[in-house]
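Enquirer: One structure is given below, represented as structure tokens, and several questions about it will come after.
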Amino acid sequence: MEIDLLLRDADVLTLDDARPRGRAVAVHHGHVLAVLDDDELPAGVRARRVVDAGGATVVPGFDDAHQHTAWFGQSLAEIPLGGLRDLDAVYDAVAARAAELAADAFVVGSGYDDVALGGSPDRRALDRAGGGRPVWLKHRSAHVCAVSSEVLRRAGVLDGEAVVPAGGVVVRDEAGDPTGVLLEAAQALAGDLLRPYSVEDLADAIAAATAVFARQGITHVTEAGIGGGWIGRSPRELAAYQLARERGDLAVRVDLMPETSVLHDTAGGPGRGLDLGLRPGLGDRHLRVGPMKIFFDGALSSRTAAMREPYADRDHAGYLGDDPDALRHALVGAVAGGWSVAAHAIGDRAVDAALDAFEETARRPWPGVRPPRHRLEHAGVVDDAALARMAALGVTPVPQARFLFEIGDSMAAAVGDERVDRLYRHASFLRAGLRVPASSDRPCVADGHPLRGMRSMVQRRTAAGCTLGADEAVDAATALRASTVDAAWVAGDEDARGRLAPGFAADLVVLGDDPTRTDPDRIGDIEVVATLRDGRATHGADVLGLPPDGDTQ
Ligand SMILES: [Zn+2]
């Protein structure tokens with residue numbers, strides 16, 4: 001027998017309890033045929049290609065259970081505002097980009113941090129910097145943006161014609177004048193001037209994003225919101241992923257979450273859904289429809305997450321993404337229609353509201369065969385009572401450890417000392433019997449690299465050097481499990497990928513070092529030597545001497 005590939009002289013971490021480590025991986029027809037204890041194939045078996053890994057570490061491909069692919073790809077072309085520390089630097093960057101553009105062209109930037117800047121960009125300063133062009137700058141949290149007067153004019157805000165979407169706020173000064181800052185759903189007033197993006201442009205953005213993912217060892221992502229709401233790029237967004245795939249540009253497997261507003265009451269009921277009764281699971285292991293996404297609130301860094309008690313540094317408690325009954329109706333209706341649901345809930349009040357709705361669904365019939373895998377996206381502020389409810393309902397938390405580093409100081413200030421231990425828990429979720437898939441929420445964080453996410457799970461350190469909830473830290477082996485086994489589980493792929501075991505997809509990463517045996521400070525710096533999906537290189541083909549992956553089949 002001749003097999004496709006033998007990857008040998010490797011330190012293989014399989015994440016398979018039956019055989020945790022090996023020396024070599026035999027790959028055939030895109031699957032793991034066997035993990036071997038030595039470098040030799042059994043008698044009578046030869047490999048068409050043999051790659052010596054030179055002692056490198058091999059782990060299953062990384063999985064990002066919540067991020068925004070097309071949006072990240074688009075952001076790669078926007079003015080990067082992430083590292084800037086004063087507003088003048090923002091205005092200079094806007095002026096420099098505007099100088100390259102046509103007189104009426106949109107100037108788009110992303111990643112500004114109002115805390116680091118000492119305030120939000122000012123509308124009139126943006127008018128000057130942009131030479132009167134429409135300027136749209138997105139906050140790093142993605143829950144706030146700052147725009148120039150031309151955006152407000154085109155959106156009908158200045159003449160009072162604009163209808164502000166539910167859950168959104170157009171911020172005004174004491175005189176009632178819009179400051180240019182738009183909160184949550186009101187961001188659609190800016191975004192809708194550019195949306196819908198063309199399917200071709202989105203496919204290009206998807207290609208750019210997934211090329212980055214492959215270089216970082218990622219083989220599967222879940223896209224957390226397409227098609228509608230402030231987050232969707234186009235009502236035809238799914239077609240952009242199909243086009244990217246057909247072009248051979250989809251470098252990772254993707255599950256797509258339709259945003260709640262694209263679901264509707266369907267003829268023949270029950271519940272809410274998409275036409276033809278389409279629901280999660282349709283597609284294949286490269287591109288598939290995932291759960292429904294619904295926003296129960298905003299974000300801590302923008303103080304728009306819905307809290308039970310006011311923020312420690314504000315005189316308000318944030319707000320829910322919509323009327324509580326409307327949110328409950330949307331969630332319960334989707335589940336009745338056969339959808340698993342991913343509920344964005346960060347503040348403890350939003351977590352309560354989402355769990356109330358999940359509890360209601362648990363009392364109703366479920367039309368599917370496999371039980372739904374409902375998720376709580378972010379699960380930012382969870383006390384022990386809410387945690388017990390999550391465990392009882394089997395709702396999986398999808399937190400982002402990297403938030404602790406990038407915005408942890410701001411989150412700690414938002415909740416204050418009394419609530420700080422409830423932030424982005426991990427060890428407690430595991431102790432309660434829940435799984436914790438790893439995710440980045442990129443581009444809402446500046447750095448979505450899975451190894452740096454793992455480092456944050458282990459260290460829980462903020463940018464300022466504080467440790468947030470030391471009791472919630474996990475060891476590196478657990479962090480690796482979150483990025484592989486547990487993320488595959490929440491997508492329903494626990495029998496197909498996420499481990500290196502016979503019959504599983506040959507999705508793997510060759511690393512310069514073993515993250516479970518490296519000084520935690522250095523986990524984020526480990527080199528990603530190569531990435532294989534279905535046994536084909538999506539990154540590092542030249543290093544391994546393999547043909548590049550031009551074919552997503
Ligand atoms: Zn997100």
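In the structure tokens, chains take the letters A, B, ... in the order shown, each chain's residues start at 1, and ligands count up from 1 in the order shown.
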Report as a ChimeraX atom specification all protein, DNA and RNA residues lying within 7 Å of Val252 of chain A, evaluated on only C-alpha atoms, omitting residues in the same chain fewer than 6 positions from it.

Expert: /A:210,214,218-221

Enquirer: Go ahead and save the residues from that selection, with N, CA and C atoms, as a short mmCIF file (atom, residue, chain, number, x, y, z; two decimals), in the first residue's frame.

Expert:
```cif
data_model
loop_
_atom_site.label_atom_id
_atom_site.label_comp_id
_atom_site.auth_asym_id
_atom_site.auth_seq_id
_atom_site.Cartn_x
_atom_site.Cartn_y
_atom_site.Cartn_z
N THR A 210 -8.29 34.65 5.46
CA THR A 210 -7.97 33.24 5.70
C THR A 210 -6.50 32.94 5.40
N ALA A 214 -4.19 30.93 8.06
CA ALA A 214 -3.35 29.77 7.75
C ALA A 214 -1.92 29.98 8.27
N ILE A 218 -4.24 28.22 11.94
CA ILE A 218 -5.69 28.01 12.07
C ILE A 218 -6.20 27.19 10.89
N THR A 219 -7.02 26.20 11.20
CA THR A 219 -7.60 25.37 10.13
C THR A 219 -9.13 25.43 10.11
N HIS A 220 -9.73 25.96 11.17
CA HIS A 220 -11.19 26.10 11.19
C HIS A 220 -11.56 27.37 11.95
N VAL A 221 -12.55 28.08 11.43
CA VAL A 221 -13.08 29.24 12.16
C VAL A 221 -14.60 29.19 12.12
#
```

Enquirer: Using only C-alpha atoms and all ligand atoms, tabulate the residues of chain A lying at most 9 Å from any atom of ligand 1, each with its closest atom pair and that distance in Å to one decimal, by chain and increasing residue number, as a tab-separated table.

Expert:
```
residue	atom	partner	partner_atom_place_in_ligand_line	distance
A:His66	CA	ligand 1	1 (Zn)	6.2
A:Gln67	CA	ligand 1	1 (Zn)	5.6
A:His68	CA	ligand 1	1 (Zn)	6.4
A:Ala142	CA	ligand 1	1 (Zn)	8.4
A:Glu223	CA	ligand 1	1 (Zn)	8.3
A:Ala224	CA	ligand 1	1 (Zn)	5.7
A:Gly225	CA	ligand 1	1 (Zn)	7.5
A:Ile231	CA	ligand 1	1 (Zn)	8.6
A:His344	CA	ligand 1	1 (Zn)	7.8
A:Glu377	CA	ligand 1	1 (Zn)	7.7
A:His378	CA	ligand 1	1 (Zn)	8.2
A:Ser440	CA	ligand 1	1 (Zn)	8.3
A:Asp441	CA	ligand 1	1 (Zn)	4.6
A:Arg442	CA	ligand 1	1 (Zn)	7.2
A:Pro443	CA	ligand 1	1 (Zn)	8.2
A:Cys444	CA	ligand 1	1 (Zn)	6.9
```

Enquirer: Let's have the selection written as a short mmCIF file (atom, residue, chain, number, x, y, z; two decimals), in the first residue's frame, with C-alpha atoms.

Expert:
```
data_model
loop_
_atom_site.label_atom_id
_atom_site.label_comp_id
_atom_site.auth_asym_id
_atom_site.auth_seq_id
_atom_site.Cartn_x
_atom_site.Cartn_y
_atom_site.Cartn_z
CA HIS A 66 -15.75 33.15 17.22
CA GLN A 67 -14.29 35.72 14.88
CA HIS A 68 -15.36 37.80 11.90
CA ALA A 142 -16.43 47.25 17.34
CA GLU A 223 -17.83 33.40 11.59
CA ALA A 224 -20.00 35.03 14.26
CA GLY A 225 -22.58 36.99 12.33
CA ILE A 231 -22.45 43.16 11.86
CA HIS A 344 -23.81 37.40 22.54
CA GLU A 377 -20.68 34.31 23.19
CA HIS A 378 -18.17 36.10 25.44
CA SER A 440 -10.41 35.64 19.41
CA ASP A 441 -13.35 37.80 18.25
CA ARG A 442 -10.92 39.22 15.69
CA PRO A 443 -10.94 42.01 14.50
CA CYS A 444 -12.38 43.23 17.83
#
```

Enquirer: Which residue gives the smallest distance to Val254 of chain A among A:Asp507, A:Asp348, A:Asp64, A:Asp16, with only C-alpha atoms counted?

Expert: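 The closest residue to Val254 of chain A is A:Asp64.
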
Enquirer: Quick one: everything within 9 Å of segment 464-472 of chain A, counting only C-alpha atoms, minus sequence neighbours fewer than 2 positions away in the same chain. Send it as a list in words.

Expert: Leu404, Phe405, Gly408, Asp409, Ala412, Val420, Asp421, Arg422, Leu423, Tyr424, Arg425, His426, Ala427, Ser428, Phe429, Met457, Val458, Gln459, Arg460, Arg461, Thr462 and Val474 of chain A

Enquirer: Restricting the output to C-alpha atoms, write the selected residues as a PDB file, in the first residue's frame.

Expert:
```
ATOM      1  CA  LEU A 404      -7.868  40.096  29.263  1.00  0.00           C
ATOM      2  CA  PHE A 405      -4.617  41.373  27.831  1.00  0.00           C
ATOM      3  CA  GLY A 408      -8.513  43.848  30.626  1.00  0.00           C
ATOM      4  CA  ASP A 409      -7.554  47.072  32.384  1.00  0.00           C
ATOM      5  CA  ALA A 412     -11.575  45.819  35.387  1.00  0.00           C
ATOM      6  CA  VAL A 420     -13.671  41.635  38.870  1.00  0.00           C
ATOM      7  CA  ASP A 421     -13.493  37.934  39.768  1.00  0.00           C
ATOM      8  CA  ARG A 422     -16.516  37.264  37.540  1.00  0.00           C
ATOM      9  CA  LEU A 423     -14.718  38.411  34.386  1.00  0.00           C
ATOM     10  CA  TYR A 424     -14.071  35.978  31.559  1.00  0.00           C
ATOM     11  CA  ARG A 425     -13.889  32.895  33.735  1.00  0.00           C
ATOM     12  CA  HIS A 426     -12.292  29.745  32.422  1.00  0.00           C
ATOM     13  CA  ALA A 427     -11.287  27.351  35.205  1.00  0.00           C
ATOM     14  CA  SER A 428     -14.695  27.771  36.868  1.00  0.00           C
ATOM     15  CA  PHE A 429     -16.509  26.915  33.651  1.00  0.00           C
ATOM     16  CA  MET A 457      -5.537  31.736  29.104  1.00  0.00           C
ATOM     17  CA  VAL A 458      -2.465  30.683  31.083  1.00  0.00           C
ATOM     18  CA  GLN A 459      -1.387  34.082  32.368  1.00  0.00           C
ATOM     19  CA  ARG A 460      -4.527  36.245  32.447  1.00  0.00           C
ATOM     20  CA  ARG A 461      -2.302  39.284  32.398  1.00  0.00           C
ATOM     21  CA  THR A 462      -3.468  42.743  31.300  1.00  0.00           C
ATOM     22  CA  VAL A 474      -5.579  27.170  33.179  1.00  0.00           C
TER      23      VAL A 474
END
```

Enquirer: So that I can check the secondary structure, give me every residue of segment 236-364 of chain A assigned alpha helix (DSSP H) by backbone DSSP, as a PyMOL selection string.

Expert: chain A and resi 237-246+324-336+348-362

Enquirer: Produce a file of the selected residues containing C-alpha atoms, as a tab-separated table (two decimals), in the first residue's frame.

Expert:
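As written to disk, again35.tsv reads:
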```tsv
chain	number	residue	atom	x	y	z
A	237	GLU	CA	-22.70	37.24	2.42
A	238	LEU	CA	-22.87	33.46	2.21
A	239	ALA	CA	-22.35	33.70	-1.54
A	240	ALA	CA	-19.04	35.47	-0.91
A	241	TYR	CA	-17.77	32.47	1.05
A	242	GLN	CA	-18.91	30.16	-1.70
A	243	LEU	CA	-17.13	32.29	-4.26
A	244	ALA	CA	-13.94	32.36	-2.20
A	245	ARG	CA	-14.09	28.60	-1.94
A	246	GLU	CA	-14.71	28.12	-5.65
A	324	PRO	CA	-36.13	41.95	26.42
A	325	ASP	CA	-39.31	40.35	25.07
A	326	ALA	CA	-38.16	40.83	21.48
A	327	LEU	CA	-34.82	39.17	22.26
A	328	ARG	CA	-36.51	36.28	24.01
A	329	HIS	CA	-39.01	35.86	21.20
A	330	ALA	CA	-36.23	35.84	18.59
A	331	LEU	CA	-34.17	33.25	20.47
A	332	VAL	CA	-37.04	30.97	21.41
A	333	GLY	CA	-38.48	31.18	17.91
A	334	ALA	CA	-35.18	30.24	16.30
A	335	VAL	CA	-34.76	27.20	18.54
A	336	ALA	CA	-38.32	26.13	17.76
A	348	ASP	CA	-24.45	39.92	33.81
A	349	ARG	CA	-27.91	41.31	33.01
A	350	ALA	CA	-27.56	40.19	29.40
A	351	VAL	CA	-26.34	36.78	30.57
A	352	ASP	CA	-29.45	36.49	32.77
A	353	ALA	CA	-31.73	37.48	29.89
A	354	ALA	CA	-30.14	34.99	27.51
A	355	LEU	CA	-30.30	32.18	30.07
A	356	ASP	CA	-33.98	32.98	30.72
A	357	ALA	CA	-34.63	32.49	27.02
A	358	PHE	CA	-32.55	29.30	26.82
A	359	GLU	CA	-34.45	27.99	29.85
A	360	GLU	CA	-37.71	28.55	28.03
A	361	THR	CA	-36.48	26.61	25.00
A	362	ALA	CA	-35.49	23.70	27.24
```

Enquirer: Do a neighbour search on Ala446 of chain A at 10 Å with only C-alpha atoms, toss out local chain neighbours closer than 3 positions, and write the hits as a list in words.

Expert: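 Once the adjacent positions are removed, what remains is Pro80, Leu81, Gly82, Gly83, Ser110, Gly111, Arg140, Ser141, Arg402, Phe403, Glu406, Ser440, Asp441, Arg442, Pro443 and His449 of chain A.
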